[in-house]
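Enquirer: Hey, dropping input.cif in here, mmCIF, C-alpha atoms:
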```
data_work
loop_
_atom_site.label_atom_id
_atom_site.label_comp_id
_atom_site.auth_asym_id
_atom_site.auth_seq_id
_atom_site.Cartn_x
_atom_site.Cartn_y
_atom_site.Cartn_z
CA MET A 70 45.31 8.34 33.17
CA ASN A 71 44.67 12.05 33.38
CA GLU A 72 41.94 13.36 31.08
CA LYS A 73 43.41 16.86 31.12
CA TYR A 74 46.08 15.67 28.71
CA MET A 75 43.49 14.39 26.23
CA LEU A 76 41.67 17.71 26.55
CA ARG A 77 44.96 19.41 25.68
CA ALA A 78 45.35 17.10 22.67
CA ILE A 79 41.83 18.08 21.52
CA GLU A 80 42.74 21.75 21.90
CA LEU A 81 45.84 21.22 19.79
CA ALA A 82 43.95 19.30 17.10
CA LYS A 83 41.63 22.26 16.52
CA LYS A 84 44.60 24.35 15.39
CA GLY A 85 44.51 22.39 12.13
CA ILE A 86 40.98 23.51 11.23
CA GLY A 87 40.82 24.61 7.61
CA LYS A 88 44.29 23.30 6.79
CA VAL A 89 44.31 19.49 6.94
CA ASN A 90 41.41 18.43 4.67
CA PRO A 91 40.84 15.72 3.58
CA ASN A 92 42.88 14.41 6.51
CA PRO A 93 41.47 14.36 10.05
CA LEU A 94 42.14 16.81 12.85
CA VAL A 95 44.51 15.13 15.32
CA GLY A 96 46.37 16.24 18.43
CA ALA A 97 48.95 14.42 20.52
CA VAL A 98 50.55 14.97 23.93
CA ILE A 99 53.52 13.05 25.41
CA VAL A 100 53.62 12.87 29.21
CA LYS A 101 56.38 11.68 31.54
CA GLU A 102 56.11 11.75 35.33
CA ASP A 103 53.01 13.93 35.02
CA ARG A 104 54.86 16.48 32.88
CA ILE A 105 54.25 17.31 29.23
CA ILE A 106 57.52 16.67 27.42
CA GLY A 107 56.20 16.98 23.87
CA GLU A 108 53.05 17.94 22.06
CA GLY A 109 51.93 18.37 18.48
CA TYR A 110 49.12 18.37 15.98
CA HIS A 111 48.52 17.82 12.28
CA LYS A 112 49.22 21.35 11.03
CA LYS A 113 48.33 21.01 7.36
CA TYR A 114 47.76 18.43 4.66
CA GLY A 115 51.04 16.73 3.78
CA ASP A 116 52.86 17.81 6.94
CA LEU A 117 53.87 15.67 9.92
CA HIS A 118 51.08 13.80 11.64
CA ALA A 119 50.31 14.80 15.22
CA GLU A 120 52.35 12.02 16.83
CA ARG A 121 55.49 12.74 14.81
CA HIS A 122 55.03 16.47 15.35
CA ALA A 123 54.91 15.80 19.11
CA PHE A 124 58.11 13.73 18.92
CA ALA A 125 59.78 16.53 16.97
CA ASN A 126 59.00 18.85 19.91
CA LEU A 127 60.37 16.61 22.68
CA THR A 128 62.19 18.33 25.50
CA GLU A 129 63.71 15.05 26.72
CA ARG A 130 63.81 11.36 25.82
CA ALA A 131 60.37 9.77 25.56
CA GLU A 132 61.37 6.28 26.70
CA GLY A 133 58.83 5.06 29.28
CA ALA A 134 56.46 7.99 28.64
CA GLU A 135 52.75 7.94 27.90
CA MET A 136 51.06 9.41 24.85
CA TYR A 137 47.58 10.87 24.51
CA VAL A 138 46.33 11.01 20.93
CA THR A 139 42.85 11.99 19.74
CA LEU A 140 42.72 9.42 16.89
CA GLU A 141 44.06 5.90 16.51
CA PRO A 142 47.67 6.15 15.23
CA CYS A 143 48.08 5.35 11.54
CA CYS A 144 49.98 2.25 10.49
CA HIS A 145 50.37 2.75 6.73
CA PHE A 146 52.51 4.83 4.39
CA GLY A 147 50.87 7.90 2.82
CA LYS A 148 52.38 11.35 2.55
CA GLN A 149 53.97 10.52 5.91
CA PRO A 150 55.32 7.24 7.32
CA PRO A 151 53.31 5.26 9.92
CA CYS A 152 52.99 6.89 13.32
CA THR A 153 52.98 3.47 14.97
CA GLU A 154 56.63 3.08 13.93
CA ALA A 155 57.58 6.33 15.63
CA ILE A 156 55.73 5.38 18.83
CA ILE A 157 57.54 2.03 18.98
CA GLU A 158 60.93 3.56 18.14
CA HIS A 159 60.59 6.07 21.00
CA HIS A 160 59.72 3.28 23.47
CA ILE A 161 56.42 4.78 24.61
CA LYS A 162 54.99 2.50 27.30
CA ARG A 163 51.30 3.41 27.11
CA VAL A 164 49.05 5.13 24.55
CA TYR A 165 45.66 6.63 25.35
CA VAL A 166 43.48 6.86 22.22
CA GLY A 167 40.32 8.92 21.74
CA SER A 168 38.62 8.01 18.45
CA ASP A 169 38.72 4.86 16.37
CA ASP A 170 39.96 5.42 12.82
CA PRO A 171 37.39 4.02 10.32
CA ASN A 172 39.88 4.19 7.46
CA GLU A 173 40.14 0.59 6.24
CA LEU A 174 43.93 1.01 6.11
CA VAL A 175 43.90 1.55 9.88
CA ALA A 176 40.60 0.45 11.55
CA GLY A 177 42.07 -1.24 14.61
CA LYS A 178 45.32 -2.27 12.94
CA GLY A 179 47.22 0.64 14.48
CA ILE A 180 46.19 -0.36 17.99
CA GLY A 181 46.97 -4.00 17.20
CA ILE A 182 50.50 -3.20 16.04
CA LEU A 183 51.22 -1.21 19.20
CA ARG A 184 49.93 -3.99 21.43
CA ASP A 185 51.96 -6.58 19.53
CA ALA A 186 55.02 -4.44 20.28
CA GLY A 187 54.25 -4.64 24.01
CA ILE A 188 52.76 -1.17 24.32
CA GLU A 189 49.64 -0.85 26.45
CA VAL A 190 46.80 0.87 24.60
CA VAL A 191 43.78 2.38 26.36
CA PRO A 192 41.08 3.18 23.77
CA HIS A 193 38.05 5.48 23.85
CA VAL A 194 39.41 8.11 26.24
CA LEU A 195 37.00 11.08 25.94
CA LYS A 196 35.74 9.36 22.81
CA LYS A 197 32.68 11.60 22.41
CA GLU A 198 34.79 14.75 22.56
CA CYS A 199 37.40 13.33 20.20
CA ASP A 200 34.77 12.07 17.75
CA ALA A 201 33.30 15.59 17.64
CA LEU A 202 36.53 16.79 15.99
CA ASN A 203 36.04 14.76 12.82
CA PRO A 204 32.47 14.16 11.59
CA VAL A 205 33.60 15.32 8.15
CA PHE A 206 36.54 12.91 7.97
CA PHE A 207 34.57 9.96 9.33
CA HIS A 208 31.82 10.46 6.76
CA TYR A 209 34.17 11.08 3.86
CA ILE A 210 36.53 8.17 4.53
CA THR A 211 33.66 5.68 4.83
CA THR A 212 31.41 6.89 1.97
CA GLY A 213 33.72 8.68 -0.48
CA ARG A 214 31.23 11.57 -0.50
CA PRO A 215 31.54 15.03 1.02
CA TYR A 216 29.86 15.71 4.34
CA VAL A 217 27.15 18.25 3.44
CA VAL A 218 26.01 20.92 5.88
CA MET A 219 22.91 22.82 4.79
CA LYS A 220 22.96 26.30 6.29
CA TYR A 221 20.29 28.95 6.21
CA ALA A 222 19.23 31.94 8.27
CA MET A 223 15.64 32.87 8.92
CA THR A 224 13.54 35.17 11.02
CA ILE A 225 11.43 33.92 13.87
CA ASP A 226 8.49 33.80 11.43
CA GLY A 227 10.41 31.56 9.04
CA LYS A 228 11.44 34.06 6.33
CA ILE A 229 14.83 34.02 4.62
CA ALA A 230 14.24 37.40 2.92
CA CYS A 231 11.81 40.29 2.81
CA GLU A 232 9.03 40.41 0.22
CA THR A 233 11.37 42.47 -1.98
CA GLY A 234 13.97 39.71 -1.88
CA GLU A 235 16.30 41.80 0.29
CA SER A 236 18.15 39.55 2.76
CA LYS A 237 21.09 41.62 4.07
CA TRP A 238 21.02 40.99 6.86
CA VAL A 239 18.71 38.46 8.46
CA THR A 240 21.07 37.66 11.33
CA GLY A 241 23.53 39.68 13.38
CA GLU A 242 27.26 40.15 13.00
CA ALA A 243 28.23 37.35 15.39
CA ALA A 244 26.18 34.77 13.48
CA ARG A 245 27.63 35.94 10.18
CA GLN A 246 31.12 35.57 11.66
CA ARG A 247 30.29 31.98 12.59
CA VAL A 248 29.32 31.32 8.97
CA GLN A 249 32.73 32.64 7.89
CA GLU A 250 34.35 30.19 10.30
CA ARG A 251 32.29 27.40 8.74
CA ARG A 252 33.51 28.44 5.29
CA ASN A 253 37.05 28.07 6.59
CA GLU A 254 36.37 24.64 8.11
CA LEU A 255 34.71 23.01 5.11
CA SER A 256 36.62 22.56 1.87
CA GLY A 257 33.72 23.43 -0.45
CA ILE A 258 30.76 25.80 -0.62
CA MET A 259 27.81 25.20 -2.94
CA VAL A 260 24.99 27.36 -4.27
CA GLY A 261 22.48 27.17 -7.08
CA ILE A 262 22.46 29.35 -10.17
CA GLY A 263 19.49 31.25 -8.76
CA THR A 264 21.64 32.54 -5.90
CA VAL A 265 24.35 33.60 -8.35
CA LEU A 266 21.88 35.49 -10.58
CA THR A 267 20.09 37.14 -7.66
CA ASP A 268 22.89 37.93 -5.20
CA ASN A 269 26.11 37.81 -7.27
CA PRO A 270 28.05 36.46 -4.25
CA ASN A 271 31.78 36.02 -3.80
CA LEU A 272 31.52 32.97 -1.51
CA THR A 273 34.96 33.59 -0.03
CA CYS A 274 36.16 33.27 3.55
CA ARG A 275 36.48 36.65 5.18
CA ILE A 276 38.47 35.87 8.31
CA PRO A 277 42.20 36.56 8.85
CA GLU A 278 44.35 33.73 7.47
CA GLY A 279 41.20 31.86 6.51
CA ARG A 280 41.01 29.46 3.59
CA ASN A 281 38.66 30.09 0.70
CA PRO A 282 36.48 27.04 0.06
CA VAL A 283 36.16 25.61 -3.43
CA ARG A 284 33.12 27.37 -4.91
CA ILE A 285 30.58 25.06 -6.55
CA VAL A 286 27.59 26.22 -8.59
CA CYS A 287 24.76 23.89 -9.60
CA ASP A 288 23.83 25.31 -13.01
CA SER A 289 21.90 22.75 -15.05
CA SER A 290 21.43 24.99 -18.11
CA LEU A 291 24.82 26.77 -17.88
CA ARG A 292 23.29 30.21 -17.34
CA ILE A 293 26.14 31.60 -15.26
CA PRO A 294 27.15 35.08 -16.55
CA PHE A 295 30.74 35.75 -17.55
CA ASP A 296 30.71 39.02 -15.61
CA CYS A 297 29.53 37.60 -12.27
CA ASN A 298 31.90 37.75 -9.30
CA LEU A 299 32.52 34.00 -9.28
CA VAL A 300 33.71 33.88 -12.90
CA ARG A 301 35.68 37.12 -12.64
CA THR A 302 37.69 35.74 -9.69
CA ALA A 303 37.96 32.11 -10.84
CA GLU A 304 41.66 32.48 -11.62
CA THR A 305 42.40 33.18 -7.94
CA VAL A 306 39.67 31.18 -6.13
CA ARG A 307 38.92 27.69 -7.39
CA THR A 308 35.44 27.61 -8.93
CA ILE A 309 33.44 24.65 -10.25
CA VAL A 310 30.23 24.76 -12.27
CA ALA A 311 28.18 21.55 -12.37
CA THR A 312 25.88 21.23 -15.36
CA ILE A 313 23.99 18.91 -17.72
CA SER A 314 24.17 21.41 -20.57
CA SER A 315 25.66 20.41 -23.94
CA ASP A 316 26.71 24.00 -24.73
CA LEU A 317 30.36 23.27 -25.55
CA ARG A 318 31.05 26.84 -26.64
CA LYS A 319 30.14 28.33 -23.27
CA LYS A 320 31.88 25.51 -21.47
CA ARG A 321 35.14 26.29 -23.31
CA GLU A 322 34.73 30.01 -22.63
CA LEU A 323 34.24 29.39 -18.91
CA GLU A 324 37.29 27.14 -18.79
CA MET A 325 39.37 29.82 -20.53
CA ARG A 326 38.40 32.12 -17.64
CA GLY A 327 39.56 29.61 -15.04
CA VAL A 328 36.24 27.93 -14.24
CA GLU A 329 36.16 24.14 -14.02
CA VAL A 330 33.04 22.62 -15.59
CA ILE A 331 31.74 19.23 -14.49
CA CYS A 332 29.19 17.52 -16.72
CA CYS A 333 26.93 15.47 -14.47
CA LYS A 334 24.22 12.92 -14.99
CA ASP A 335 20.73 14.24 -15.66
CA LYS A 336 18.05 13.62 -13.07
CA ASP A 337 14.62 15.07 -13.85
CA GLY A 338 16.19 17.76 -16.03
CA ARG A 339 18.64 18.89 -13.34
CA VAL A 340 22.10 18.05 -12.10
CA ASP A 341 22.07 14.68 -10.36
CA LEU A 342 23.38 15.72 -6.94
CA GLN A 343 24.41 12.20 -5.96
CA ASP A 344 26.55 12.00 -9.11
CA LEU A 345 28.02 15.42 -8.33
CA MET A 346 28.90 14.37 -4.78
CA LEU A 347 30.81 11.35 -6.06
CA ALA A 348 32.76 13.55 -8.47
CA LEU A 349 33.60 16.05 -5.72
CA GLY A 350 34.59 13.27 -3.35
CA ASN A 351 36.94 11.86 -5.96
CA ASP A 352 38.44 15.35 -6.14
CA LYS A 353 39.20 15.19 -2.37
CA ILE A 354 36.52 17.73 -1.48
CA ASP A 355 35.49 16.20 1.83
CA GLY A 356 32.97 18.71 3.15
CA ILE A 357 30.53 21.20 1.67
CA LEU A 358 28.67 24.14 3.15
CA LEU A 359 25.39 24.32 1.24
CA GLU A 360 24.35 27.97 1.08
CA GLY A 361 21.78 27.53 -1.64
CA GLY A 362 18.37 29.03 -1.97
CA SER A 363 15.10 27.26 -1.28
CA SER A 364 15.03 25.31 -4.57
CA LEU A 365 18.52 23.84 -4.17
CA ASN A 366 17.80 23.09 -0.52
CA ASN A 367 14.73 21.13 -1.60
CA SER A 368 16.68 19.22 -4.25
CA ALA A 369 19.48 18.45 -1.81
CA LEU A 370 17.11 17.05 0.77
CA LYS A 371 15.22 15.01 -1.82
CA SER A 372 18.44 13.54 -3.18
CA GLY A 373 19.60 12.52 0.30
CA ILE A 374 22.95 14.31 0.23
CA VAL A 375 22.41 16.47 3.34
CA ASP A 376 24.08 15.20 6.51
CA ARG A 377 23.53 18.13 8.86
CA ILE A 378 21.38 21.24 8.95
CA GLU A 379 22.38 24.45 10.70
CA VAL A 380 19.62 27.00 11.10
CA TYR A 381 20.30 30.52 12.34
CA VAL A 382 17.13 32.03 13.81
CA ALA A 383 16.99 35.80 14.18
CA PRO A 384 14.70 37.61 16.63
CA LYS A 385 12.92 39.45 13.80
CA ILE A 386 9.61 39.27 12.00
CA PHE A 387 9.47 40.07 8.26
CA ALA A 388 5.85 38.97 7.77
CA GLY A 389 4.44 38.73 4.21
CA SER A 390 3.70 35.68 2.07
CA GLY A 391 5.45 32.32 2.05
CA LYS A 392 7.58 33.13 -1.03
CA TYR A 393 10.91 33.27 0.77
CA THR A 394 10.78 29.99 2.59
CA PRO A 395 13.99 28.07 3.39
CA VAL A 396 12.91 24.91 1.50
CA ARG A 397 10.76 25.25 -1.60
CA GLY A 398 9.03 22.54 -3.61
CA ILE A 399 6.17 20.17 -3.02
CA GLY A 400 6.06 19.67 0.72
CA ALA A 401 5.09 16.67 2.77
CA GLY A 402 1.55 15.49 2.18
CA THR A 403 1.28 14.20 5.72
CA PRO A 404 3.45 14.64 8.84
CA SER A 405 4.80 11.11 8.39
CA GLU A 406 6.40 12.17 5.08
CA ALA A 407 8.51 14.92 6.66
CA TYR A 408 12.30 15.02 6.77
CA PHE A 409 13.18 13.85 10.25
CA LEU A 410 16.05 15.36 12.21
CA GLY A 411 17.96 14.28 15.30
CA LYS A 412 18.12 15.98 18.67
CA PRO A 413 18.96 19.68 18.32
CA ASP A 414 22.12 21.35 19.45
CA VAL A 415 21.11 24.85 20.52
CA GLU A 416 23.58 27.71 20.78
CA ARG A 417 23.09 31.40 21.33
CA ILE A 418 25.29 33.56 19.10
CA GLY A 419 24.85 37.23 19.81
CA ASN A 420 21.10 37.82 19.68
CA ASP A 421 20.57 34.92 17.26
CA LEU A 422 20.03 31.22 17.85
CA LEU A 423 21.89 28.48 15.99
CA LEU A 424 19.94 25.22 15.80
CA SER A 425 21.95 22.26 14.46
CA TYR A 426 20.55 18.84 13.59
CA ASP A 427 21.85 15.62 12.12
CA VAL A 428 19.60 14.60 9.23
CA LEU A 429 17.90 11.24 9.77
CA GLY A 430 16.06 11.31 6.44
CA ARG A 431 12.48 10.55 5.51
CA LYS A 432 10.79 7.80 7.48
CA ARG A 433 7.37 7.03 8.80
CA ALA A 434 6.58 8.79 12.03
CA VAL A 435 6.52 6.60 15.09
CA LEU A 436 3.52 7.44 17.23
CA LEU A 437 4.24 6.98 20.91
#
```
Do you think you could lay out the structure here as structure tokens?

Expert:
Amino acid sequence: MNEKYMLRAIELAKKGIGKVNPNPLVGAVIVKEDRIIGEGYHKKYGDLHAERHAFANLTERAEGAEMYVTLEPCCHFGKQPPCTEAIIEHHIKRVYVGSDDPNELVAGKGIGILRDAGIEVVPHVLKKECDALNPVFFHYITTGRPYVVMKYAMTIDGKIACETGESKWVTGEAARQRVQERRNELSGIMVGIGTVLTDNPNLTCRIPEGRNPVRIVCDSSLRIPFDCNLVRTAETVRTIVATISSDLRKKRELEMRGVEVICCKDKDGRVDLQDLMLALGNDKIDGILLEGGSSLNNSALKSGIVDRIEVYVAPKIFAGSGKYTPVRGIGAGTPSEAYFLGKPDVERIGNDLLLSYDVLGRKRAVLL
């Protein structure tokens, strides 16, 4: 085994970012006598899977070769036939696998089929690195809900805007570019109606050849204006408004302008975010970048839909009152009632810091 080939497969898998959802990112490398004779990746949803793409790029016969693949090969028919069949047909002698596939249609069956065919399978090669490719897919395929990333930017004194409400820009250009990359990676982006009324955003992806995420607005009372940027561009960029309003006239008018309206369950006079997540998951929206304001952030945390938080911290001080705080609402009464996060991933981007945490949820503090 040579880990450099799995690292190459990981590199290839990343080329599918923004194109394969709701499928996983996968890369594959075929090696014979310590030479790469074929490599591939899942390029876009509906196209060849990584293994079959690698076979399509063979420079010589693969009989007796080894394959490195970042995810357990599939063994069922979908938009493409099973990759296990192709591996067996090409007489691969050994397969190195990175991640387990939690999809119940696979989940160990792919490895079992290969072994039954006499092919040696070595699992969990660079598993941590391979798993890091697909947190969105793993969450979506096991829960049916989108993987939700709450993102906000704040100054070192915890402000998301000046006292005037002006927020362009809290962070630097490099951090804002990273956010654009996130918009390309995740299939949906969600804000609250307050953000639409205050900022009139476009919520598009502004990188070359990037993919615009599906734009989702939580608008309980259906207050979204017809002349806002989201409605005006709904014919070209898919836009969804989630509401509990019974205003059928405005609903029809929005739909005539290209906006999709989802009527959700009511929870405390607002859109039930858990119900909304199920609807979006059923619509194959597997990941969401939550760019809401403080009220939506609070609701999202309370409802338990947030899976990861990414906080951009700028080396600035706005000062002023606590009005423009990242999470509004009634806070924790005691430290034990806080939202608990995992270990931070810390990255410097330009002059800003990006702090990323998995959300553990609310639990009683453990005093050590």

Enquirer: Take the PyMOL selection byres ((chain A and resi 117-130) around 6), run it mentally on this structure, and tell me the resulting residues as a list in words.

Expert: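 Here the PyMOL selection byres ((chain A and resi 117-130) around 6) matches Val95, Gly96, Ala97, Ile106, Gly107, Glu108, Gly109, Tyr110, His111, Asp116, Ala131 and Glu132 of chain A.
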
Enquirer: Would you tabulate, counting all atoms listed in the file, all residues of stretch 138-234 of chain A that have an atom at most 10 Å from an atom of stretch 255-264 of chain A, showing the closest pair of atoms and their distance in Å to one decimal, sorted by chain then ascending number, as JSON lines?

Expert:
```
{"residue": "A:Val205", "atom": "CA", "partner": "A:Leu255", "partner_atom": "CA", "distance": 8.3}
{"residue": "A:Pro215", "atom": "CA", "partner": "A:Gly257", "partner_atom": "CA", "distance": 8.8}
{"residue": "A:Tyr216", "atom": "CA", "partner": "A:Leu255", "partner_atom": "CA", "distance": 8.8}
{"residue": "A:Val217", "atom": "CA", "partner": "A:Leu255", "partner_atom": "CA", "distance": 9.1}
{"residue": "A:Val218", "atom": "CA", "partner": "A:Leu255", "partner_atom": "CA", "distance": 9.0}
{"residue": "A:Met219", "atom": "CA", "partner": "A:Met259", "partner_atom": "CA", "distance": 9.5}
```

Enquirer: Please dump the current selection as a PDB file, in the frame of the given file; keep C-alpha atoms.

Expert:
```
ATOM      1  CA  VAL A 205      33.600  15.320   8.150  1.00  0.00           C
ATOM      2  CA  PRO A 215      31.540  15.030   1.020  1.00  0.00           C
ATOM      3  CA  TYR A 216      29.860  15.710   4.340  1.00  0.00           C
ATOM      4  CA  VAL A 217      27.150  18.250   3.440  1.00  0.00           C
ATOM      5  CA  VAL A 218      26.010  20.920   5.880  1.00  0.00           C
ATOM      6  CA  MET A 219      22.910  22.820   4.790  1.00  0.00           C
TER       7      MET A 219
END
```

Enquirer: Please write as number ranges by chain the full residue list that the PyMOL selection byres ((chain A and resi 247) around 12) yields on this file.

Expert: A: 220, 222, 240-246, 248-254, 274-276, 379-381, 416-419, 421-423

Enquirer: Starting from the displayed file, determine the output of the PyMOL selection byres ((chain A and resi 173) around 12) and express the residue list as a short mmCIF file (atom, residue, chain, number, x, y, z; two decimals) with C-alpha atoms, in the coordinates of the input.

Expert:
```cif
data_model
loop_
_atom_site.label_atom_id
_atom_site.label_comp_id
_atom_site.auth_asym_id
_atom_site.auth_seq_id
_atom_site.Cartn_x
_atom_site.Cartn_y
_atom_site.Cartn_z
CA CYS A 143 48.08 5.35 11.54
CA CYS A 144 49.98 2.25 10.49
CA HIS A 145 50.37 2.75 6.73
CA ASP A 169 38.72 4.86 16.37
CA ASP A 170 39.96 5.42 12.82
CA PRO A 171 37.39 4.02 10.32
CA ASN A 172 39.88 4.19 7.46
CA LEU A 174 43.93 1.01 6.11
CA VAL A 175 43.90 1.55 9.88
CA ALA A 176 40.60 0.45 11.55
CA GLY A 177 42.07 -1.24 14.61
CA LYS A 178 45.32 -2.27 12.94
CA GLY A 179 47.22 0.64 14.48
CA PHE A 207 34.57 9.96 9.33
CA ILE A 210 36.53 8.17 4.53
CA THR A 211 33.66 5.68 4.83
CA THR A 212 31.41 6.89 1.97
#
```

Enquirer: So how far away is atom CA of A:Val239 from atom CA of A:Met223, in Å?

Expert: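 Value for the atom CA of A:Met223-atom CA of A:Val239 distance: 6.4 Å.
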
Enquirer: Determine the nearest neighbour of A:Leu76 from the options A:Leu358, A:Ala388, A:Val98, A:Val191, counting all atoms listed in the file.

Expert: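 Among the listed residues, A:Val98 lies closest to A:Leu76.
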